[in-house]
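Everything below belongs to upload_36.pdb, which stores PDB, C-alpha atoms, pLDDT in the B column.
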```pdb
MODEL        1
ATOM      1  CA  MET A   4      -0.598-186.709-120.816  1.00 67.00           C
ATOM      2  CA  ALA A   5       0.327-183.007-121.194  1.00 85.00           C
ATOM      3  CA  THR A   6       0.542-180.807-118.096  1.00 92.00           C
ATOM      4  CA  VAL A   7       0.796-177.046-117.708  1.00 95.00           C
ATOM      5  CA  GLU A   8       1.932-175.849-114.290  1.00 97.00           C
ATOM      6  CA  LEU A   9       1.377-172.374-112.890  1.00 96.00           C
ATOM      7  CA  ARG A  10       2.760-170.933-109.687  1.00 97.00           C
ATOM      8  CA  PHE A  11       1.798-167.448-108.586  1.00 97.00           C
ATOM      9  CA  SER A  12       2.187-165.312-105.494  1.00 96.00           C
ATOM     10  CA  ALA A  13      -0.876-165.268-103.265  1.00 96.00           C
ATOM     11  CA  GLN A  14      -2.250-162.001-104.610  1.00 96.00           C
ATOM     12  CA  PRO A  15      -5.890-161.701-105.731  1.00 95.00           C
ATOM     13  CA  GLU A  16      -4.905-159.967-108.979  1.00 96.00           C
ATOM     14  CA  HIS A  17      -3.190-163.158-110.199  1.00 97.00           C
ATOM     15  CA  VAL A  18      -6.393-165.224-109.987  1.00 97.00           C
ATOM     16  CA  ARG A  19      -7.710-163.702-113.227  1.00 96.00           C
ATOM     17  CA  THR A  20      -4.587-164.813-115.084  1.00 96.00           C
ATOM     18  CA  ALA A  21      -4.953-168.367-113.752  1.00 97.00           C
ATOM     19  CA  ARG A  22      -8.600-168.435-114.884  1.00 96.00           C
ATOM     20  CA  LEU A  23      -7.721-167.268-118.381  1.00 96.00           C
ATOM     21  CA  VAL A  24      -4.848-169.737-118.750  1.00 97.00           C
ATOM     22  CA  ALA A  25      -7.053-172.594-117.508  1.00 97.00           C
ATOM     23  CA  ALA A  26      -9.762-171.766-120.052  1.00 96.00           C
ATOM     24  CA  ALA A  27      -7.211-171.552-122.879  1.00 96.00           C
ATOM     25  CA  VAL A  28      -5.614-174.884-121.966  1.00 96.00           C
ATOM     26  CA  ALA A  29      -9.047-176.515-121.556  1.00 96.00           C
ATOM     27  CA  ARG A  30     -10.065-175.291-125.011  1.00 95.00           C
ATOM     28  CA  ARG A  31      -6.840-176.672-126.508  1.00 94.00           C
ATOM     29  CA  ALA A  32      -7.373-179.961-124.651  1.00 94.00           C
ATOM     30  CA  GLY A  33     -10.760-180.425-126.311  1.00 93.00           C
ATOM     31  CA  VAL A  34     -13.202-179.466-123.550  1.00 94.00           C
ATOM     32  CA  ASP A  35     -16.607-178.565-124.997  1.00 93.00           C
ATOM     33  CA  GLU A  36     -17.053-174.810-125.579  1.00 92.00           C
ATOM     34  CA  ALA A  37     -20.238-174.858-123.482  1.00 90.00           C
ATOM     35  CA  VAL A  38     -18.226-175.990-120.423  1.00 93.00           C
ATOM     36  CA  LEU A  39     -15.388-173.445-120.665  1.00 95.00           C
ATOM     37  CA  ASP A  40     -17.204-170.876-118.513  1.00 94.00           C
ATOM     38  CA  GLU A  41     -17.618-173.522-115.793  1.00 95.00           C
ATOM     39  CA  VAL A  42     -13.896-174.298-115.975  1.00 96.00           C
ATOM     40  CA  ARG A  43     -13.030-170.608-115.754  1.00 96.00           C
ATOM     41  CA  LEU A  44     -15.349-169.980-112.779  1.00 96.00           C
ATOM     42  CA  ALA A  45     -14.356-173.119-110.851  1.00 97.00           C
ATOM     43  CA  VAL A  46     -10.634-172.421-111.288  1.00 97.00           C
ATOM     44  CA  GLY A  47     -11.217-168.834-110.186  1.00 96.00           C
ATOM     45  CA  GLU A  48     -13.022-169.963-107.026  1.00 96.00           C
ATOM     46  CA  ALA A  49     -10.375-172.566-106.191  1.00 97.00           C
ATOM     47  CA  CYS A  50      -7.526-170.088-106.750  1.00 97.00           C
ATOM     48  CA  SER A  51      -9.286-167.398-104.717  1.00 95.00           C
ATOM     49  CA  ARG A  52      -9.699-169.903-101.886  1.00 94.00           C
ATOM     50  CA  ALA A  53      -5.996-170.816-102.002  1.00 95.00           C
ATOM     51  CA  VAL A  54      -4.972-167.146-102.100  1.00 95.00           C
ATOM     52  CA  GLY A  55      -7.224-166.440 -99.114  1.00 93.00           C
ATOM     53  CA  LEU A  56      -5.765-169.343 -97.135  1.00 93.00           C
ATOM     54  CA  HIS A  57      -2.200-168.221 -97.849  1.00 95.00           C
ATOM     55  CA  ARG A  58      -2.926-164.619 -96.900  1.00 94.00           C
ATOM     56  CA  THR A  59      -4.861-165.546 -93.751  1.00 92.00           C
ATOM     57  CA  HIS A  60      -2.045-167.792 -92.513  1.00 93.00           C
ATOM     58  CA  GLY A  61       0.834-165.553 -93.613  1.00 94.00           C
ATOM     59  CA  ILE A  62       2.255-168.067 -96.068  1.00 94.00           C
ATOM     60  CA  THR A  63       4.524-166.499 -98.671  1.00 94.00           C
ATOM     61  CA  THR A  64       5.023-169.512-100.936  1.00 95.00           C
ATOM     62  CA  PRO A  65       3.198-169.474-104.283  1.00 96.00           C
ATOM     63  CA  VAL A  66      -0.174-171.017-105.010  1.00 97.00           C
ATOM     64  CA  SER A  67       0.165-173.900-107.472  1.00 97.00           C
ATOM     65  CA  VAL A  68      -2.118-174.844-110.337  1.00 98.00           C
ATOM     66  CA  ALA A  69      -1.671-177.926-112.535  1.00 98.00           C
ATOM     67  CA  LEU A  70      -3.684-178.164-115.756  1.00 97.00           C
ATOM     68  CA  ILE A  71      -3.635-181.762-116.935  1.00 97.00           C
ATOM     69  CA  GLU A  72      -4.810-183.007-120.320  1.00 95.00           C
ATOM     70  CA  GLY A  73      -5.725-186.657-120.022  1.00 93.00           C
ATOM     71  CA  GLU A  74      -6.879-189.032-122.695  1.00 91.00           C
ATOM     72  CA  LYS A  75     -10.582-188.571-121.925  1.00 93.00           C
ATOM     73  CA  SER A  76     -10.652-185.661-119.476  1.00 94.00           C
ATOM     74  CA  PHE A  77      -9.160-182.321-118.528  1.00 96.00           C
ATOM     75  CA  SER A  78      -8.153-181.942-114.864  1.00 97.00           C
ATOM     76  CA  VAL A  79      -7.125-179.019-112.696  1.00 97.00           C
ATOM     77  CA  GLU A  80      -5.376-179.247-109.329  1.00 97.00           C
ATOM     78  CA  VAL A  81      -5.176-176.077-107.236  1.00 97.00           C
ATOM     79  CA  GLY A  82      -2.857-176.435-104.253  1.00 96.00           C
ATOM     80  CA  ASP A  83      -2.208-174.379-101.163  1.00 95.00           C
ATOM     81  CA  GLU A  84       0.470-174.889 -98.540  1.00 94.00           C
ATOM     82  CA  VAL A  85      -1.666-174.345 -95.444  1.00 91.00           C
ATOM     83  CA  PRO A  86      -1.249-177.408 -93.212  1.00 89.00           C
ATOM     84  CA  GLY A  87      -4.447-179.248 -92.458  1.00 81.00           C
ATOM     85  CA  PRO A  88      -5.523-180.294 -88.988  1.00 71.00           C
ATOM     86  CA  GLY A  89      -3.311-183.395 -89.128  1.00 51.00           C
ATOM     87  CA  ALA A  90      -5.252-185.711 -91.393  1.00 42.00           C
ATOM     88  CA  ASP A  91      -3.277-187.268 -94.228  1.00 41.00           C
ATOM     89  CA  SER A  92      -6.230-186.817 -96.532  1.00 38.00           C
ATOM     90  CA  ALA A  93      -9.922-186.299 -96.292  1.00 40.00           C
ATOM     91  CA  GLY A  94     -12.043-185.697 -99.281  1.00 41.00           C
ATOM     92  CA  SER A  95     -15.135-186.321-101.224  1.00 37.00           C
ATOM     93  CA  GLU A  96     -15.793-187.023-104.796  1.00 36.00           C
ATOM     94  CA  GLY A  97     -18.787-185.953-106.757  1.00 35.00           C
ATOM     95  CA  GLY A  98     -20.528-182.647-107.252  1.00 34.00           C
ATOM     96  CA  ALA A  99     -22.631-181.179-104.478  1.00 32.00           C
ATOM     97  CA  ARG A 100     -21.811-183.810-101.894  1.00 30.00           C
ATOM     98  CA  GLY A 101     -18.478-182.194-100.996  1.00 36.00           C
ATOM     99  CA  ALA A 102     -19.908-178.807-100.118  1.00 35.00           C
ATOM    100  CA  ALA A 103     -23.148-180.067 -98.622  1.00 33.00           C
ATOM    101  CA  ASP A 104     -21.477-182.450 -96.207  1.00 37.00           C
ATOM    102  CA  GLY A 105     -19.495-179.737 -94.516  1.00 38.00           C
ATOM    103  CA  PRO A 106     -17.080-179.145 -97.045  1.00 40.00           C
ATOM    104  CA  ALA A 107     -15.467-182.326 -97.976  1.00 42.00           C
ATOM    105  CA  GLY A 108     -14.228-183.379 -94.590  1.00 41.00           C
ATOM    106  CA  LEU A 109     -11.729-180.548 -94.168  1.00 42.00           C
ATOM    107  CA  ASP A 110     -11.689-179.240 -90.644  1.00 42.00           C
ATOM    108  CA  GLU A 111     -12.170-175.768 -92.061  1.00 43.00           C
ATOM    109  CA  PRO A 112     -12.421-173.758 -88.850  1.00 40.00           C
ATOM    110  CA  ASP A 113      -8.838-174.829 -88.075  1.00 45.00           C
ATOM    111  CA  ARG A 114      -7.624-173.997 -91.584  1.00 46.00           C
ATOM    112  CA  GLU A 115      -9.636-170.819 -91.932  1.00 43.00           C
ATOM    113  CA  SER A 116      -9.363-169.146 -88.521  1.00 45.00           C
ATOM    114  CA  GLY A 117     -13.046-168.270 -88.432  1.00 45.00           C
ATOM    115  CA  ALA A 118     -13.598-167.654 -92.141  1.00 57.00           C
ATOM    116  CA  ASP A 119     -15.205-171.058 -92.672  1.00 64.00           C
ATOM    117  CA  GLY A 120     -18.474-169.556 -93.957  1.00 67.00           C
ATOM    118  CA  GLU A 121     -16.731-167.992 -96.950  1.00 70.00           C
ATOM    119  CA  ASP A 122     -14.815-171.201 -97.597  1.00 74.00           C
ATOM    120  CA  GLU A 123     -17.977-173.322 -97.480  1.00 80.00           C
ATOM    121  CA  MET A 124     -19.569-170.959 -99.980  1.00 84.00           C
ATOM    122  CA  GLY A 125     -16.545-171.205-102.305  1.00 84.00           C
ATOM    123  CA  LEU A 126     -16.571-175.002-102.156  1.00 88.00           C
ATOM    124  CA  ALA A 127     -20.343-175.015-102.757  1.00 89.00           C
ATOM    125  CA  VAL A 128     -19.882-172.858-105.853  1.00 91.00           C
ATOM    126  CA  ILE A 129     -17.120-175.132-107.150  1.00 92.00           C
ATOM    127  CA  SER A 130     -19.158-178.281-106.531  1.00 91.00           C
ATOM    128  CA  GLY A 131     -22.034-176.745-108.494  1.00 90.00           C
ATOM    129  CA  LEU A 132     -19.738-176.202-111.470  1.00 90.00           C
ATOM    130  CA  VAL A 133     -17.814-179.485-111.410  1.00 92.00           C
ATOM    131  CA  ASP A 134     -19.213-183.009-111.548  1.00 87.00           C
ATOM    132  CA  ASP A 135     -15.946-184.632-110.465  1.00 93.00           C
ATOM    133  CA  MET A 136     -14.320-182.830-107.531  1.00 94.00           C
ATOM    134  CA  GLU A 137     -12.087-183.922-104.671  1.00 95.00           C
ATOM    135  CA  VAL A 138     -10.771-181.860-101.753  1.00 93.00           C
ATOM    136  CA  LEU A 139      -7.717-183.130 -99.875  1.00 93.00           C
ATOM    137  CA  SER A 140      -5.900-181.745 -96.856  1.00 90.00           C
ATOM    138  CA  GLY A 141      -2.691-182.861 -95.212  1.00 90.00           C
ATOM    139  CA  ALA A 142       0.336-181.719 -93.288  1.00 90.00           C
ATOM    140  CA  ASN A 143       1.870-180.178 -96.438  1.00 90.00           C
ATOM    141  CA  GLY A 144      -1.250-178.295 -97.501  1.00 93.00           C
ATOM    142  CA  GLY A 145      -4.441-178.871 -99.395  1.00 93.00           C
ATOM    143  CA  VAL A 146      -5.501-179.428-102.974  1.00 96.00           C
ATOM    144  CA  ILE A 147      -8.739-179.173-104.891  1.00 96.00           C
ATOM    145  CA  ARG A 148      -8.873-181.578-107.839  1.00 97.00           C
ATOM    146  CA  MET A 149     -11.475-180.986-110.519  1.00 97.00           C
ATOM    147  CA  SER A 150     -12.023-182.648-113.881  1.00 96.00           C
ATOM    148  CA  TRP A 151     -14.231-182.268-116.909  1.00 95.00           C
ATOM    149  CA  PRO A 152     -14.764-184.685-119.796  1.00 94.00           C
ATOM    150  CA  LYS A 153     -13.318-183.846-123.182  1.00 92.00           C
ATOM    151  CA  ALA A 154     -15.742-183.320-126.031  1.00 84.00           C
ATOM    152  CA  PRO A 155     -16.085-186.384-128.242  1.00 78.00           C
ATOM    153  CA  ALA A 156     -14.075-186.153-131.424  1.00 68.00           C
ATOM    154  CA  PRO A 157     -16.207-185.352-134.461  1.00 67.00           C
ATOM    155  CA  VAL A 158     -16.888-188.293-136.699  1.00 64.00           C
ATOM    156  CA  LEU A 159     -15.836-187.546-140.258  1.00 68.00           C
ATOM    157  CA  PRO A 160     -17.734-189.141-143.172  1.00 71.00           C
TER
ENDMDL
END
```
Please lay out the structure from this file as structure tokens.
Amino acid sequence: MATVELRFSAQPEHVRTARLVAAAVARRAGVDEAVLDEVRLAVGEACSRAVGLHRTHGITTPVSVALIEGEKSFSVEVGDEVPGPGADSAGSEGGARGAADGPAGLDEPDRESGADGEDEMGLAVISGLVDDMEVLSGANGGVIRMSWPKAPAPVLP
């Protein structure tokens, strides 16, 4: 399993770079061309959310992104270091369920200091782009995990 790790300062201008790198790694990993825009947009939303959390809470540590090429799927983990409300983990798996249920069990008003509407919208956008999504929050920060299937290998005659 190959992994590419990115760490960038919580500045909005770095989100574009993370999106472009994610799309390039997804293409190399074998994700279908038709899905690359979804990867790019979902990674952009997740990174923007992490940047916003860091800036809102005055955290100076970098945002982390792991791009993981598995045997049958391509996964992305976008992490922030904003402590959650004390839960070890709370999350949901599956597309729209995470955003619709009040986003994925995160106690967002505590994490967002009143900006929970924007965060719910970001998670709703991500869940519309990703079939397999999980949002976790703990004392050391949060992570959004997303994955897409790899395109089947062409069958040669």
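Within 9 Å of region 31-38 of chain A, once only C-alpha atoms are used and residues closer than 5 positions along the same chain are dropped, the contacting residues are Ala5, Ala26, Arg43, Ile71, Glu72, Gly73, Ser76, Phe77, Trp151, Pro152, Lys153, Ala154, Pro155 and Ala156 of chain A.
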- Task: Translate the PyMOL selection byres ((chain A and resi 7-20) around 6), as applied to the file shown, into an explicit residue set as a PyMOL selection string.
- Result: chain A and resi 6+21-23+50+54+65-70
Restrict the selected residues to C-alpha atoms and save them as a PDB file, in the frame of the given file.
```pdb
ATOM      1  CA  THR A   6       0.542-180.807-118.096  1.00 92.00           C
ATOM      2  CA  ALA A  21      -4.953-168.367-113.752  1.00 97.00           C
ATOM      3  CA  ARG A  22      -8.600-168.435-114.884  1.00 96.00           C
ATOM      4  CA  LEU A  23      -7.721-167.268-118.381  1.00 96.00           C
ATOM      5  CA  CYS A  50      -7.526-170.088-106.750  1.00 97.00           C
ATOM      6  CA  VAL A  54      -4.972-167.146-102.100  1.00 95.00           C
ATOM      7  CA  PRO A  65       3.198-169.474-104.283  1.00 96.00           C
ATOM      8  CA  VAL A  66      -0.174-171.017-105.010  1.00 97.00           C
ATOM      9  CA  SER A  67       0.165-173.900-107.472  1.00 97.00           C
ATOM     10  CA  VAL A  68      -2.118-174.844-110.337  1.00 98.00           C
ATOM     11  CA  ALA A  69      -1.671-177.926-112.535  1.00 98.00           C
ATOM     12  CA  LEU A  70      -3.684-178.164-115.756  1.00 97.00           C
TER      13      LEU A  70
END
```
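For the pair CA of Ser150 (chain A) and CA of Glu48 (chain A), the separation is 14.5 Å.
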- Which value, in Å to one decimal, gives the distance between CA of Val42 (chain A) and CA of Ala25 (chain A)? 7.2 Å
- Task: Return as a PyMOL selection string the set of residues that the PyMOL selection byres ((chain A and resi 56) around 10) yields on the displayed structure.
- Result: chain A and resi 13+50-55+57-62+66+83-85+114-116+118+122+145
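When all atoms listed in the file are used to measure the gap to Ser140 (chain A), the shortest distance among A:Gly47, A:Gly87, A:Gly82, A:Gly125 belongs to A:Gly87.
Going from CA of Thr63 (chain A) to CA of Glu123 (chain A) covers 23.5 Å.
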- Hey, can you pull every residue with an atom no more than 9 Å from (-5.9, -180.3, -103.7), using only C-alpha atoms, and send it as a PyMOL selection string? chain A and resi 80-83+137-140+144-149
Output file for the selection above: C-alpha atoms, as a compact mmCIF listing (two decimals), keeping the file's coordinate frame:
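For reference, out_28.txt as written:
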```txt
# COMPACT_ATOMS: atom_id res chain seq x y z
CA GLU A 80 -5.38 -179.25 -109.33
CA VAL A 81 -5.18 -176.08 -107.24
CA GLY A 82 -2.86 -176.44 -104.25
CA ASP A 83 -2.21 -174.38 -101.16
CA GLU A 137 -12.09 -183.92 -104.67
CA VAL A 138 -10.77 -181.86 -101.75
CA LEU A 139 -7.72 -183.13 -99.88
CA SER A 140 -5.90 -181.74 -96.86
CA GLY A 144 -1.25 -178.30 -97.50
CA GLY A 145 -4.44 -178.87 -99.40
CA VAL A 146 -5.50 -179.43 -102.97
CA ILE A 147 -8.74 -179.17 -104.89
CA ARG A 148 -8.87 -181.58 -107.84
CA MET A 149 -11.48 -180.99 -110.52
```
